[in-house]
Amino acid sequence: MLDLKNISREFTAQFILCVLIALSAPQTNLWPLFVFLVWVPFRNAFPDTTVHTTSSLAKVFLNGDFSCAGCSIGQVLVDILVQFIGAILGGWVAFIILEDNSSAPKLAEGADEGRAFVIIAVIVAFWAILNTSLKGEGFERNASAAFLWIGTVFAIQELVPGAVGNISTDIGRIIAAKIKGDGSNATEAFNFDGTWIFIIAPLVGIICAKLYLVLEGALDKLNCCDGEKGNSGGNPHQVPQHDGSSMPMAGGMASPQFGGHHQGGQFNQPHFG
């Protein structure tokens, strides 16, 4: 059954996110600092709300678990749909209020599409790996996540100003800017050249993050197996076995009266903890 309350939160969060970006970006180059610090209390209040599509995909794809609460395929698809709708409407409303859509994501003038693609993919992969591995709960984890977002968003502004590296927010605001228009040639206004970067690059970044985590898991298993093999050859400190005829009783060695027992011609020491 779909979680309607969480669906409404996903829509509202994406709507507000796009409005905040549109309002703050024209005023200061520090807008990522303001926008993503807002999400610390938001995520504390609604920890199950992923806010945007890249985070939703990373949550499911990197964890590899659709069975958790709110992680069914249907729920994820509906969340992504409402995230896109919220981003488009939020961006459109903000652009109309401001009468300015210049803060919408775009490729910087003279920038190479291939270079932008690689940089966004690497940044998203870096974010996904760290965000998946964040420890703690509540404020501690959400503050770390906020500063991670702030850092990664700042990192891509030179090449793709206005972008944040997540699919629904970037694509939704691009579509909203096209709908709002700028009063010039309509054909030029609806030119979506270069938009593919904001879709494909984050997806490639998530795939790269998944490959890294799979490799890390394989190395953990390899280390574990190596440790077992090292122990299988025998423990040099293993307590020698006796036939019971001449059991040493020196020092502090336990005797049968203090937890040990004599069975089958062998003496077994008790195990503690």
# chains A, B, ... in the order shown; residues from 1 in each chain; ligands from 1

call {"tool": "residues_around", "arguments": {"residues": "A:Asn142", "least_positions_apart": "6", "cutoff": "9 Å", "atoms": "only C-alpha atoms", "output": "list in words"}}
result
Trp39, Val40, Pro41, Arg43, Asn44, Pro47 and Gly136 of chain A

call {"tool": "select_by_dssp", "arguments": {"residues": "stretch 126-166 of chain A", "states": "helix (DSSP H, G or I)", "output": "list of chain:residue names"}}
result
A:Phe126, A:Trp127, A:Ala128, A:Ile129, A:Leu130, A:Asn131, A:Thr132, A:Ser133, A:Gly138, A:Phe139, A:Glu140, A:Arg141, A:Asn142, A:Ala143, A:Ser144, A:Ala145, A:Ala146, A:Phe147, A:Leu148, A:Trp149, A:Ile150, A:Gly151, A:Thr152, A:Val153, A:Phe154, A:Ala155, A:Ile156

call {"tool": "closest_atom_pairs", "arguments": {"of": "stretch 47-159 of chain A", "to": "stretch 5-15 of chain A", "cutoff": "9 Å", "atoms": "only C-alpha atoms", "output": "CSV"}}
result
residue,atom,partner,partner_atom,distance
A:Asp48,CA,A:Asn6,CA,7.6
A:Thr49,CA,A:Glu10,CA,6.1
A:Thr50,CA,A:Glu10,CA,7.0
A:Val51,CA,A:Glu10,CA,5.3
A:His52,CA,A:Gln14,CA,6.5
A:Gly70,CA,A:Asn6,CA,8.5
A:Gln75,CA,A:Ile7,CA,8.4
A:Val78,CA,A:Ile7,CA,7.5
A:Asp79,CA,A:Ile7,CA,5.9
A:Ile80,CA,A:Glu10,CA,8.4
A:Leu81,CA,A:Phe11,CA,8.9
A:Val82,CA,A:Phe11,CA,5.2
A:Gln83,CA,A:Phe11,CA,5.2
A:Phe84,CA,A:Gln14,CA,7.8
A:Ile85,CA,A:Phe11,CA,7.2
A:Gly86,CA,A:Phe15,CA,4.4
A:Ala87,CA,A:Phe15,CA,5.2
A:Ile88,CA,A:Phe15,CA,7.7
A:Leu89,CA,A:Phe15,CA,6.6
A:Gly90,CA,A:Phe15,CA,4.2
A:Gly91,CA,A:Phe15,CA,7.3

call {"tool": "write_last_selection", "arguments": {"atoms": "C-alpha atoms", "output": "mmCIF file, in the first residue's frame"}}
result
data_model
loop_
_atom_site.group_PDB
_atom_site.id
_atom_site.type_symbol
_atom_site.label_atom_id
_atom_site.label_comp_id
_atom_site.auth_asym_id
_atom_site.auth_seq_id
_atom_site.Cartn_x
_atom_site.Cartn_y
_atom_site.Cartn_z
ATOM 1 C CA ASP A 48 11.958 8.705 5.660
ATOM 2 C CA THR A 49 11.563 11.490 3.076
ATOM 3 C CA THR A 50 14.354 11.319 0.496
ATOM 4 C CA VAL A 51 13.449 14.727 -1.066
ATOM 5 C CA HIS A 52 14.873 14.090 -4.556
ATOM 6 C CA GLY A 70 8.644 2.571 1.984
ATOM 7 C CA GLN A 75 6.379 3.406 -3.782
ATOM 8 C CA VAL A 78 5.447 7.151 -7.256
ATOM 9 C CA ASP A 79 7.916 9.089 -5.099
ATOM 10 C CA ILE A 80 10.019 9.873 -8.176
ATOM 11 C CA LEU A 81 6.946 10.986 -10.123
ATOM 12 C CA VAL A 82 5.772 13.392 -7.416
ATOM 13 C CA GLN A 83 9.331 14.659 -6.959
ATOM 14 C CA PHE A 84 9.429 15.650 -10.647
ATOM 15 C CA ILE A 85 5.987 17.259 -10.440
ATOM 16 C CA GLY A 86 6.965 19.161 -7.287
ATOM 17 C CA ALA A 87 10.222 20.352 -8.886
ATOM 18 C CA ILE A 88 8.496 21.574 -12.056
ATOM 19 C CA LEU A 89 5.729 23.390 -10.185
ATOM 20 C CA GLY A 90 8.084 24.796 -7.552
ATOM 21 C CA GLY A 91 10.497 26.110 -10.164
#

call {"tool": "closest_residue", "arguments": {"among": "A:Ala116, A:Ile21, A:Val124, A:Val38", "to": "A:Ala209", "atoms": "only C-alpha atoms"}}
result
A:Val124

call {"tool": "closest_residue", "arguments": {"among": "A:Pro26, A:Gly138, A:Gly181, A:Pro105", "to": "A:Gly162", "atoms": "only C-alpha atoms"}}
result
A:Pro105

call {"tool": "closest_residue", "arguments": {"among": "A:Ala45, A:Ala163, A:Leu37, A:Ile206", "to": "A:Lys106", "atoms": "only C-alpha atoms"}}
result
A:Ala163

call {"tool": "closest_residue", "arguments": {"among": "A:Glu216, A:Asp3, A:Asp100, A:Asp170", "to": "A:Ile197", "atoms": "only C-alpha atoms"}}
result
A:Asp170

call {"tool": "residues_around", "arguments": {"residues": "A:Phe95", "least_positions_apart": "4", "cutoff": "8 Å", "atoms": "only C-alpha atoms", "output": "list in words"}}
result
Ala22, Gly91, Glu99, Asp100, Asn101, Ala176, Ala177 and Lys180 of chain A

call {"tool": "atom_distance", "arguments": {"atom1": "atom CA of A:Ile123", "atom2": "atom CA of A:Ile156"}}
result
7.9 Å

call {"tool": "atom_distance", "arguments": {"atom1": "atom CA of A:Leu159", "atom2": "atom CA of A:Ala108"}}
result
5.3 Å

call {"tool": "atom_distance", "arguments": {"atom1": "atom CA of A:Arg115", "atom2": "atom CA of A:Phe61"}}
result
25.5 Å

call {"tool": "residues_around", "arguments": {"residues": "A:Thr54", "least_positions_apart": "2", "cutoff": "9 Å", "atoms": "only C-alpha atoms", "output": "list in words"}}
result
Thr50, His52, Ser56, Leu57, Ala58, Lys59, Val124, Ala128, Gly165, Asn166, Ile167, Ser168, Pro202, Leu203 and Ile206 of chain A

call {"tool": "closest_residue", "arguments": {"among": "A:Ser103, A:Ser133, A:Gln157, A:Asn29", "to": "A:Ile120", "atoms": "only C-alpha atoms"}}
result
A:Gln157
